[in-house]
file coords_34.pdb (PDB, C-alpha atoms)
MODEL        1
ATOM      1  CA  MET A   1     101.467 -86.836 117.357
ATOM      2  CA  ILE A   2     104.202 -84.297 116.611
ATOM      3  CA  ASP A   3     107.163 -84.232 118.984
ATOM      4  CA  GLN A   4     106.295 -81.580 121.575
ATOM      5  CA  ARG A   5     109.884 -80.367 121.480
ATOM      6  CA  LEU A   6     109.296 -79.046 117.967
ATOM      7  CA  GLN A   7     106.433 -76.919 119.268
ATOM      8  CA  VAL A   8     108.736 -75.599 122.001
ATOM      9  CA  LEU A   9     111.320 -74.715 119.347
ATOM     10  CA  ARG A  10     108.631 -73.022 117.287
ATOM     11  CA  VAL A  11     107.523 -70.817 120.168
ATOM     12  CA  LEU A  12     111.081 -69.961 121.195
ATOM     13  CA  ALA A  13     111.835 -68.847 117.650
ATOM     14  CA  GLU A  14     108.783 -66.580 117.865
ATOM     15  CA  VAL A  15     109.565 -64.909 121.207
ATOM     16  CA  GLY A  16     113.363 -65.146 121.475
ATOM     17  CA  THR A  17     113.881 -65.958 125.161
ATOM     18  CA  LEU A  18     113.495 -69.034 127.351
ATOM     19  CA  THR A  19     111.568 -67.074 129.953
ATOM     20  CA  GLU A  20     108.973 -65.785 127.500
ATOM     21  CA  ALA A  21     108.687 -69.139 125.728
ATOM     22  CA  ALA A  22     108.081 -70.809 129.100
ATOM     23  CA  HIS A  23     105.427 -68.226 129.939
ATOM     24  CA  ARG A  24     103.595 -68.769 126.651
ATOM     25  CA  LEU A  25     103.710 -72.549 126.961
ATOM     26  CA  GLY A  26     102.938 -72.802 130.673
ATOM     27  CA  TYR A  27     106.304 -74.430 131.449
ATOM     28  CA  THR A  28     109.254 -73.437 133.614
ATOM     29  CA  PRO A  29     112.320 -71.979 131.855
ATOM     30  CA  SER A  30     114.350 -75.002 132.985
ATOM     31  CA  ALA A  31     111.803 -77.352 131.388
ATOM     32  CA  VAL A  32     112.001 -75.450 128.102
ATOM     33  CA  SER A  33     115.792 -75.492 128.211
ATOM     34  CA  HIS A  34     115.815 -79.235 128.933
ATOM     35  CA  GLN A  35     113.507 -80.023 126.009
ATOM     36  CA  LEU A  36     115.591 -77.990 123.584
ATOM     37  CA  ARG A  37     118.860 -79.547 124.773
ATOM     38  CA  SER A  38     117.270 -82.984 124.428
ATOM     39  CA  LEU A  39     116.121 -82.211 120.877
ATOM     40  CA  SER A  40     119.569 -80.949 119.907
ATOM     41  CA  LYS A  41     121.213 -84.037 121.427
ATOM     42  CA  ASP A  42     118.854 -86.458 119.662
ATOM     43  CA  LEU A  43     119.515 -84.754 116.325
ATOM     44  CA  GLY A  44     123.249 -84.508 116.952
ATOM     45  CA  LEU A  45     123.095 -80.902 115.768
ATOM     46  CA  THR A  46     123.384 -77.416 117.216
ATOM     47  CA  ILE A  47     120.018 -75.784 116.595
ATOM     48  CA  LEU A  48     120.295 -72.740 118.887
ATOM     49  CA  GLU A  49     122.976 -70.213 119.736
ATOM     50  CA  GLN A  50     123.264 -67.417 122.259
ATOM     51  CA  ARG A  51     122.704 -63.984 120.743
ATOM     52  CA  GLY A  52     122.846 -61.111 123.205
ATOM     53  CA  ARG A  53     120.467 -61.898 126.052
ATOM     54  CA  GLY A  54     118.343 -64.193 123.942
ATOM     55  CA  LEU A  55     118.589 -67.312 121.843
ATOM     56  CA  ALA A  56     118.519 -67.495 118.070
ATOM     57  CA  LEU A  57     118.226 -70.346 115.620
ATOM     58  CA  THR A  58     121.347 -71.520 113.871
ATOM     59  CA  ARG A  59     121.171 -72.110 110.126
ATOM     60  CA  VAL A  60     120.428 -75.766 110.869
ATOM     61  CA  GLY A  61     117.774 -74.774 113.414
ATOM     62  CA  GLN A  62     116.125 -72.467 110.900
ATOM     63  CA  LEU A  63     116.035 -75.264 108.313
ATOM     64  CA  LEU A  64     114.523 -77.602 110.903
ATOM     65  CA  LEU A  65     111.842 -75.066 111.733
ATOM     66  CA  GLU A  66     111.014 -74.469 108.079
ATOM     67  CA  ARG A  67     110.660 -78.168 107.317
ATOM     68  CA  THR A  68     108.673 -78.985 110.456
ATOM     69  CA  GLN A  69     106.043 -76.440 109.392
ATOM     70  CA  GLU A  70     105.016 -78.991 106.793
ATOM     71  CA  LEU A  71     104.468 -81.460 109.652
ATOM     72  CA  PHE A  72     102.332 -79.009 111.620
ATOM     73  CA  THR A  73     100.208 -78.215 108.571
ATOM     74  CA  ARG A  74      99.735 -81.879 107.727
ATOM     75  CA  TRP A  75      98.918 -82.716 111.364
ATOM     76  CA  GLU A  76      96.166 -80.081 111.387
ATOM     77  CA  GLU A  77      94.768 -81.612 108.194
ATOM     78  CA  ILE A  78      94.867 -85.109 109.727
ATOM     79  CA  ARG A  79      93.024 -83.854 112.795
ATOM     80  CA  GLY A  80      90.326 -82.538 110.489
ATOM     81  CA  GLU A  81      90.052 -85.852 108.663
ATOM     82  CA  LEU A  82      89.829 -87.754 111.949
ATOM     83  CA  ALA A  83      87.178 -85.379 113.315
ATOM     84  CA  GLU A  84      85.162 -85.792 110.125
ATOM     85  CA  ALA A  85      85.377 -89.577 110.350
ATOM     86  CA  ASP A  86      84.339 -89.499 114.022
ATOM     87  CA  ALA A  87      81.519 -87.009 113.522
ATOM     88  CA  GLY A  88      78.779 -89.418 114.582
ATOM     89  CA  SER A  89      80.404 -90.569 117.803
ATOM     90  CA  PRO A  90      78.237 -89.864 120.882
ATOM     91  CA  MET A  91      81.415 -89.479 122.934
ATOM     92  CA  ARG A  92      82.843 -86.779 120.689
ATOM     93  CA  GLN A  93      83.786 -83.632 122.640
ATOM     94  CA  ARG A  94      84.544 -80.603 120.504
ATOM     95  CA  ARG A  95      86.496 -77.569 121.705
ATOM     96  CA  LEU A  96      86.780 -74.231 119.939
ATOM     97  CA  ARG A  97      88.715 -71.195 121.115
ATOM     98  CA  LEU A  98      88.020 -67.850 119.481
ATOM     99  CA  CYS A  99      90.188 -64.792 120.040
ATOM    100  CA  GLY A 100      89.823 -61.247 118.790
ATOM    101  CA  PHE A 101      90.349 -57.567 119.465
ATOM    102  CA  SER A 102      87.839 -55.713 121.642
ATOM    103  CA  THR A 103      85.243 -54.798 118.996
ATOM    104  CA  ALA A 104      85.235 -58.288 117.514
ATOM    105  CA  ALA A 105      85.107 -59.867 120.963
ATOM    106  CA  ALA A 106      82.028 -57.776 121.769
ATOM    107  CA  THR A 107      80.220 -57.751 118.412
ATOM    108  CA  LEU A 108      81.203 -60.727 116.254
ATOM    109  CA  LEU A 109      82.405 -63.508 118.527
ATOM    110  CA  PRO A 110      79.433 -63.898 120.943
ATOM    111  CA  PRO A 111      76.826 -64.581 118.217
ATOM    112  CA  THR A 112      79.335 -66.853 116.483
ATOM    113  CA  ALA A 113      79.863 -68.841 119.680
ATOM    114  CA  GLU A 114      76.120 -69.062 120.213
ATOM    115  CA  LYS A 115      75.505 -70.475 116.743
ATOM    116  CA  VAL A 116      78.422 -72.900 116.998
ATOM    117  CA  ASN A 117      76.966 -74.213 120.252
ATOM    118  CA  GLU A 118      73.630 -74.712 118.514
ATOM    119  CA  LEU A 119      75.254 -76.541 115.599
ATOM    120  CA  PHE A 120      77.520 -78.634 117.838
ATOM    121  CA  PRO A 121      75.557 -79.222 121.078
ATOM    122  CA  ASP A 122      78.475 -81.130 122.613
ATOM    123  CA  SER A 123      80.962 -78.333 121.960
ATOM    124  CA  HIS A 124      82.747 -76.070 124.405
ATOM    125  CA  VAL A 125      83.474 -72.610 122.960
ATOM    126  CA  THR A 126      85.789 -70.110 124.639
ATOM    127  CA  ILE A 127      86.212 -66.427 123.729
ATOM    128  CA  ILE A 128      89.476 -64.613 124.459
ATOM    129  CA  GLU A 129      89.808 -60.839 124.058
ATOM    130  CA  ALA A 130      93.314 -60.014 122.850
ATOM    131  CA  GLU A 131      95.215 -57.477 120.773
ATOM    132  CA  PRO A 132      95.830 -58.520 117.134
ATOM    133  CA  GLU A 133      99.514 -59.301 117.641
ATOM    134  CA  GLU A 134      98.736 -61.456 120.677
ATOM    135  CA  CYS A 135      96.053 -63.332 118.723
ATOM    136  CA  PHE A 136      98.644 -64.849 116.396
ATOM    137  CA  GLU A 137     100.787 -65.807 119.376
ATOM    138  CA  LEU A 138      97.737 -67.635 120.771
ATOM    139  CA  LEU A 139      97.397 -69.499 117.474
ATOM    140  CA  VAL A 140     101.061 -70.540 117.498
ATOM    141  CA  THR A 141     100.879 -71.813 121.079
ATOM    142  CA  GLU A 142      97.568 -73.581 120.299
ATOM    143  CA  GLN A 143      95.690 -71.572 122.906
ATOM    144  CA  ALA A 144      93.289 -70.341 120.199
ATOM    145  CA  ASP A 145      91.906 -71.839 116.998
ATOM    146  CA  ILE A 146      90.492 -68.797 115.191
ATOM    147  CA  ALA A 147      91.698 -65.205 115.440
ATOM    148  CA  VAL A 148      89.797 -62.116 114.316
ATOM    149  CA  VAL A 149      92.152 -59.186 113.860
ATOM    150  CA  VAL A 150      92.492 -55.751 112.314
ATOM    151  CA  ALA A 151      95.003 -55.675 109.463
ATOM    152  CA  THR A 152      97.600 -53.337 110.937
ATOM    153  CA  ASP A 153     101.337 -53.526 111.607
ATOM    154  CA  PRO A 154     102.921 -55.456 113.148
ATOM    155  CA  LEU A 155     101.149 -58.616 112.066
ATOM    156  CA  PRO A 156     102.509 -61.670 110.249
ATOM    157  CA  PRO A 157     102.435 -61.129 106.482
ATOM    158  CA  ARG A 158      99.746 -62.922 104.516
ATOM    159  CA  SER A 159     102.556 -65.067 103.064
ATOM    160  CA  ASP A 160     103.480 -66.500 106.493
ATOM    161  CA  VAL A 161     103.079 -70.248 105.978
ATOM    162  CA  ARG A 162     102.166 -70.866 109.622
ATOM    163  CA  PHE A 163      98.772 -69.242 109.130
ATOM    164  CA  GLU A 164      95.875 -68.954 106.731
ATOM    165  CA  GLN A 165      94.543 -65.400 106.726
ATOM    166  CA  ASN A 166      91.416 -64.274 104.888
ATOM    167  CA  ALA A 167      89.375 -61.086 104.631
ATOM    168  CA  LEU A 168      86.299 -61.042 106.854
ATOM    169  CA  VAL A 169      84.759 -57.583 106.534
ATOM    170  CA  SER A 170      85.650 -53.991 105.717
ATOM    171  CA  ASP A 171      84.652 -51.965 108.775
ATOM    172  CA  ARG A 172      83.818 -48.437 107.655
ATOM    173  CA  LEU A 173      85.005 -45.551 109.841
ATOM    174  CA  TYR A 174      82.799 -42.669 110.988
ATOM    175  CA  LEU A 175      83.703 -39.282 112.403
ATOM    176  CA  LEU A 176      82.444 -38.973 115.982
ATOM    177  CA  VAL A 177      81.563 -35.386 116.937
ATOM    178  CA  ARG A 178      79.490 -33.627 119.548
ATOM    179  CA  SER A 179      75.833 -33.250 118.517
ATOM    180  CA  ASP A 180      76.127 -29.467 118.157
ATOM    181  CA  HIS A 181      79.379 -29.645 116.175
ATOM    182  CA  ARG A 182      79.469 -27.827 112.824
ATOM    183  CA  LEU A 183      79.743 -31.185 110.996
ATOM    184  CA  ALA A 184      77.162 -33.101 113.023
ATOM    185  CA  THR A 185      74.222 -32.666 110.654
ATOM    186  CA  ARG A 186      76.104 -33.355 107.430
ATOM    187  CA  SER A 187      75.101 -36.447 105.443
ATOM    188  CA  ALA A 188      78.790 -37.191 104.851
ATOM    189  CA  VAL A 189      82.124 -35.401 105.217
ATOM    190  CA  SER A 190      85.648 -35.880 103.944
ATOM    191  CA  LEU A 191      88.210 -36.565 106.622
ATOM    192  CA  ASN A 192      90.297 -33.501 105.805
ATOM    193  CA  GLU A 193      87.375 -31.292 106.868
ATOM    194  CA  ALA A 194      88.335 -32.234 110.438
ATOM    195  CA  ALA A 195      92.037 -31.551 109.963
ATOM    196  CA  GLU A 196      92.075 -28.565 112.345
ATOM    197  CA  GLU A 197      90.179 -30.334 115.122
ATOM    198  CA  SER A 198      91.600 -31.620 118.378
ATOM    199  CA  TRP A 199      91.690 -35.412 118.191
ATOM    200  CA  ILE A 200      91.077 -38.206 120.663
ATOM    201  CA  LEU A 201      93.227 -41.257 119.943
ATOM    202  CA  ASP A 202      94.513 -44.356 121.659
ATOM    203  CA  ARG A 203      98.067 -44.471 122.978
ATOM    204  CA  PRO A 204     100.912 -44.349 120.413
ATOM    205  CA  GLY A 205     101.787 -47.806 119.116
ATOM    206  CA  SER A 206      98.294 -49.230 119.525
ATOM    207  CA  PRO A 207      96.440 -50.592 116.466
ATOM    208  CA  TYR A 208      93.757 -47.889 116.743
ATOM    209  CA  HIS A 209      96.352 -45.104 116.980
ATOM    210  CA  ARG A 210      98.089 -46.423 113.856
ATOM    211  CA  LEU A 211      94.745 -46.765 112.091
ATOM    212  CA  VAL A 212      93.741 -43.144 112.735
ATOM    213  CA  ARG A 213      97.174 -41.777 111.856
ATOM    214  CA  THR A 214      97.206 -43.740 108.597
ATOM    215  CA  ALA A 215      93.688 -42.615 107.620
ATOM    216  CA  CYS A 216      94.469 -38.985 108.388
ATOM    217  CA  ALA A 217      97.791 -39.136 106.539
ATOM    218  CA  ALA A 218      95.968 -40.449 103.469
ATOM    219  CA  ALA A 219      93.673 -37.410 103.764
ATOM    220  CA  GLY A 220      96.681 -35.077 103.844
ATOM    221  CA  PHE A 221      97.176 -34.217 107.526
ATOM    222  CA  PHE A 222      98.356 -35.552 110.861
ATOM    223  CA  PRO A 223      95.880 -35.269 113.744
ATOM    224  CA  GLU A 224      96.607 -33.172 116.812
ATOM    225  CA  ASN A 225      96.484 -35.709 119.647
ATOM    226  CA  ALA A 226      94.686 -33.744 122.380
ATOM    227  CA  HIS A 227      93.553 -36.704 124.532
ATOM    228  CA  GLN A 228      94.211 -40.420 124.807
ATOM    229  CA  SER A 229      91.502 -43.025 125.273
ATOM    230  CA  ARG A 230      91.536 -46.804 125.048
ATOM    231  CA  GLU A 231      87.826 -47.470 125.436
ATOM    232  CA  TRP A 232      85.052 -46.342 123.082
ATOM    233  CA  GLU A 233      82.972 -45.204 126.064
ATOM    234  CA  THR A 234      85.784 -42.955 127.330
ATOM    235  CA  GLY A 235      86.282 -41.527 123.855
ATOM    236  CA  ALA A 236      82.552 -40.842 123.533
ATOM    237  CA  ALA A 237      82.556 -39.090 126.904
ATOM    238  CA  LEU A 238      85.427 -36.835 125.807
ATOM    239  CA  VAL A 239      83.712 -36.038 122.500
ATOM    240  CA  SER A 240      80.442 -35.391 124.328
ATOM    241  CA  ALA A 241      82.265 -32.894 126.560
ATOM    242  CA  GLY A 242      83.441 -30.973 123.487
ATOM    243  CA  LEU A 243      87.087 -31.913 123.974
ATOM    244  CA  GLY A 244      87.710 -33.172 120.465
ATOM    245  CA  VAL A 245      86.644 -35.518 117.695
ATOM    246  CA  ALA A 246      87.434 -39.163 117.035
ATOM    247  CA  LEU A 247      87.145 -41.892 114.447
ATOM    248  CA  ILE A 248      84.892 -44.777 115.332
ATOM    249  CA  PRO A 249      84.309 -47.990 113.351
ATOM    250  CA  ARG A 250      80.854 -49.065 112.229
ATOM    251  CA  LEU A 251      81.050 -52.196 114.382
ATOM    252  CA  ALA A 252      81.888 -50.335 117.586
ATOM    253  CA  ARG A 253      79.044 -50.064 120.095
ATOM    254  CA  LEU A 254      78.553 -46.921 122.168
ATOM    255  CA  PRO A 255      76.423 -46.801 125.322
ATOM    256  CA  GLU A 256      73.481 -44.432 125.291
ATOM    257  CA  GLY A 257      73.503 -41.110 127.061
ATOM    258  CA  TYR A 258      76.330 -39.306 125.279
ATOM    259  CA  ASP A 259      75.717 -36.140 123.287
ATOM    260  CA  VAL A 260      77.477 -37.331 120.146
ATOM    261  CA  ALA A 261      76.792 -37.966 116.473
ATOM    262  CA  ARG A 262      78.367 -40.387 114.012
ATOM    263  CA  VAL A 263      78.993 -38.710 110.670
ATOM    264  CA  PRO A 264      79.646 -40.926 107.620
ATOM    265  CA  LEU A 265      82.957 -40.334 105.869
ATOM    266  CA  ARG A 266      83.353 -40.148 102.128
ATOM    267  CA  GLY A 267      86.468 -40.699 100.097
ATOM    268  CA  ASP A 268      88.042 -42.870  97.464
ATOM    269  CA  PRO A 269      88.321 -45.264  99.106
ATOM    270  CA  VAL A 270      86.117 -44.582 102.116
ATOM    271  CA  PRO A 271      88.308 -44.775 105.256
ATOM    272  CA  SER A 272      87.860 -48.194 106.827
ATOM    273  CA  ARG A 273      89.686 -50.880 108.711
ATOM    274  CA  LYS A 274      90.143 -54.319 107.207
ATOM    275  CA  ILE A 275      89.233 -57.197 109.488
ATOM    276  CA  LEU A 276      90.763 -60.619 108.882
ATOM    277  CA  THR A 277      90.414 -64.127 110.189
ATOM    278  CA  GLY A 278      93.470 -66.215 110.962
ATOM    279  CA  VAL A 279      93.854 -69.935 111.661
ATOM    280  CA  ARG A 280      96.790 -72.311 111.821
ATOM    281  CA  SER A 281      97.699 -73.637 108.388
ATOM    282  CA  GLY A 282      95.825 -76.840 107.630
ATOM    283  CA  SER A 283      93.242 -76.411 110.396
ATOM    284  CA  ALA A 284      90.487 -74.739 108.373
ATOM    285  CA  GLY A 285      89.155 -78.135 107.299
ATOM    286  CA  GLN A 286      88.411 -79.283 110.849
ATOM    287  CA  PRO A 287      84.593 -79.433 111.050
ATOM    288  CA  ILE A 288      84.033 -77.106 113.986
ATOM    289  CA  ILE A 289      86.609 -74.582 112.727
ATOM    290  CA  ALA A 290      85.180 -74.662 109.194
ATOM    291  CA  ALA A 291      81.666 -74.149 110.549
ATOM    292  CA  ALA A 292      82.774 -71.295 112.808
ATOM    293  CA  LEU A 293      84.511 -69.505 109.921
ATOM    294  CA  THR A 294      81.337 -69.742 107.829
ATOM    295  CA  ILE A 295      79.244 -68.456 110.731
ATOM    296  CA  LEU A 296      81.700 -65.597 111.341
ATOM    297  CA  HIS A 297      81.267 -64.417 107.756
ATOM    298  CA  GLU A 298      77.480 -64.614 108.089
ATOM    299  CA  VAL A 299      77.515 -62.688 111.372
ATOM    300  CA  ALA A 300      79.854 -60.003 109.994
ATOM    301  CA  ALA A 301      77.702 -59.545 106.891
ATOM    302  CA  SER A 302      74.521 -59.360 108.990
ATOM    303  CA  VAL A 303      75.977 -56.773 111.383
ATOM    304  CA  ALA A 304      77.279 -54.667 108.490
ATOM    305  CA  GLN A 305      73.878 -54.719 106.732
ATOM    306  CA  ARG A 306      72.027 -53.850 109.939
ATOM    307  CA  ASP A 307      74.296 -50.930 110.745
ATOM    308  CA  ALA A 308      74.175 -49.653 107.173
ATOM    309  CA  ALA A 309      70.368 -49.680 107.320
ATOM    310  CA  ALA A 310      70.416 -47.873 110.668
ATOM    311  CA  SER A 311      72.769 -45.207 109.304
ATOM    312  CA  ALA A 312      70.453 -44.600 106.344
ATOM    313  CA  GLU A 313      67.453 -43.873 108.579
TER     314      GLU A 313
ENDMDL
END
call {"tool": "encode", "arguments": {"input": "coords_34.pdb", "output": "structure tokens"}}
result
Amino acid sequence: MIDQRLQVLRVLAEVGTLTEAAHRLGYTPSAVSHQLRSLSKDLGLTILEQRGRGLALTRVGQLLLERTQELFTRWEEIRGELAEADAGSPMRQRRLRLCGFSTAAATLLPPTAEKVNELFPDSHVTIIEAEPEECFELLVTEQADIAVVVATDPLPPRSDVRFEQNALVSDRLYLLVRSDHRLATRSAVSLNEAAEESWILDRPGSPYHRLVRTACAAAGFFPENAHQSREWETGAALVSAGLGVALIPRLARLPEGYDVARVPLRGDPVPSRKILTGVRSGSAGQPIIAAALTILHEVAASVAQRDAAASAE
């Protein structure tokens, strides 16, 4: 087992304060402080220093963190080897925690959990809905095993050695308009044809807000933010009332009863959001995680094919 104090150091380096590190780890701030002082004393080195209201790693602390990543990666690999060797044990209890943003949590994760439970009857699968940035924090603190996220800032770069990130699916965007809108009956439109419309977006700083702004900027305009909505149902209600237009991903589900139409977008490339999977480095070989990643890809491909067929009708 890896010294738990190294995990505490890892989380503190991520969040910057004792209070937040304690919150993420489920400890008290005094317990976190004690563990870090104990680690520093055992090493005979100063690994942290006060910086403003927070704590920062010293040069020695940063080197320690960089080198211990190799331990964390190797430990995840060992856990996979042990699980593989113990696969036939009747006492084996498997746990899998999936986290993802709202659309993934509603569309991709439930069928994945269902199939994992079928493949591993003794497993316990948990789904956590979380924003993309929070998903990686859940991976670091070992509160989640697989994250499904939209590739938007601010996320760890693909080069971050703590994680393995891979493309899952390209989720095409559609223009959502009222059914009697001038663009509603078109087979496809370019995004700049809606440049003069009033737009319904999420709050500034959210992944969806950044996504829409980036797509519109690539089309040569910045959308007029007439209304703010966090939920697809609220956005559909606003569009249905003639208060504006919105972008909606292919994977998003809308309840029935709204007077709206999804219009395919064209472009080079077609506006879309890139969805990724993330796991802790070295953990992808653990049997239940490996199986879940395979199932996730199958589910994503199936949903994309089904929605594409529905759009063509």
call {"tool": "residues_around", "arguments": {"input": "coords_34.pdb", "residues": "stretch 226-239 of chain A", "least_positions_apart": "6", "cutoff": "9 Å", "atoms": "all atoms listed in the file", "output": "ChimeraX atom specification"}}
result
/A:176-178,198-204,208,245-246,248,252-255,258-260
call {"tool": "closest_atom_pairs", "arguments": {"input": "coords_34.pdb", "of": "stretch 231-292 of chain A", "to": "stretch 150-172 of chain A", "cutoff": "6 Å", "atoms": "all atoms listed in the file", "output": "tab-separated table"}}
result
residue	atom	partner	partner_atom	distance
A:Pro249	CA	A:Arg172	CA	5.7
A:Arg250	CA	A:Arg172	CA	5.5
A:Ser272	CA	A:Arg172	CA	4.1
A:Arg273	CA	A:Asp171	CA	5.1
A:Lys274	CA	A:Ser170	CA	4.7
A:Ile275	CA	A:Val150	CA	4.5
A:Leu276	CA	A:Ala167	CA	4.5
A:Thr277	CA	A:Asn166	CA	5.4
A:Gly278	CA	A:Gln165	CA	4.4
A:Val279	CA	A:Glu164	CA	5.4
A:Arg280	CA	A:Phe163	CA	4.5
A:Ser281	CA	A:Phe163	CA	4.6
call {"tool": "atom_distance", "arguments": {"input": "coords_34.pdb", "atom1": "atom CA of A:Leu18", "atom2": "atom CA of A:Leu138"}}
result
17.1 Å
call {"tool": "resolve_selection", "arguments": {"input": "coords_34.pdb", "expression": "the PyMOL selection byres ((chain A and resi 221) around 12)", "output": "ChimeraX atom specification"}}
result
/A:191-197,212-220,222-224
call {"tool": "resolve_selection", "arguments": {"input": "coords_34.pdb", "expression": "the PyMOL selection byres ((chain A and resi 108) around 10)", "output": "VMD selection string"}}
result
chain A and resid 100 102 to 107 109 to 113 148 251 295 to 300 302 to 303
call {"tool": "residues_around", "arguments": {"input": "coords_34.pdb", "residues": "A:Leu71", "least_positions_apart": "3", "cutoff": "12 Å", "atoms": "only C-alpha atoms", "output": "number ranges by chain"}}
result
A: 1-3, 6-7, 64-68, 74-78, 161-162, 281-282
call {"tool": "atom_distance", "arguments": {"input": "coords_34.pdb", "atom1": "atom CA of A:Thr46", "atom2": "atom CA of A:Glu142"}}
result
26.3 Å
call {"tool": "residues_around", "arguments": {"input": "coords_34.pdb", "residues": "A:Pro287", "least_positions_apart": "4", "cutoff": "8 Å", "atoms": "only C-alpha atoms", "output": "PyMOL selection string"}}
result
chain A and resi 80+83-84+291
call {"tool": "write_last_selection", "arguments": {"input": "coords_34.pdb", "atoms": "C-alpha atoms", "output": "mmCIF file, in the coordinates of the input"}}
result
data_model
loop_
_atom_site.group_PDB
_atom_site.id
_atom_site.type_symbol
_atom_site.label_atom_id
_atom_site.label_comp_id
_atom_site.auth_asym_id
_atom_site.auth_seq_id
_atom_site.Cartn_x
_atom_site.Cartn_y
_atom_site.Cartn_z
ATOM 1 C CA GLY A 80 90.326 -82.538 110.489
ATOM 2 C CA ALA A 83 87.178 -85.379 113.315
ATOM 3 C CA GLU A 84 85.162 -85.792 110.125
ATOM 4 C CA ALA A 291 81.666 -74.149 110.549
#
call {"tool": "atom_distance", "arguments": {"input": "coords_34.pdb", "atom1": "atom CA of A:Ile146", "atom2": "atom CA of A:Arg97"}}
result
6.6 Å
call {"tool": "closest_residue", "arguments": {"input": "coords_34.pdb", "among": "A:Leu211, A:Leu45, A:Leu98, A:Leu293", "to": "A:Leu139", "atoms": "only C-alpha atoms"}}
result
A:Leu98
call {"tool": "residues_around", "arguments": {"input": "coords_34.pdb", "residues": "A:Ile288", "least_positions_apart": "3", "cutoff": "8 Å", "atoms": "only C-alpha atoms", "output": "ChimeraX atom specification"}}
result
/A:94,96,116,120,291-292
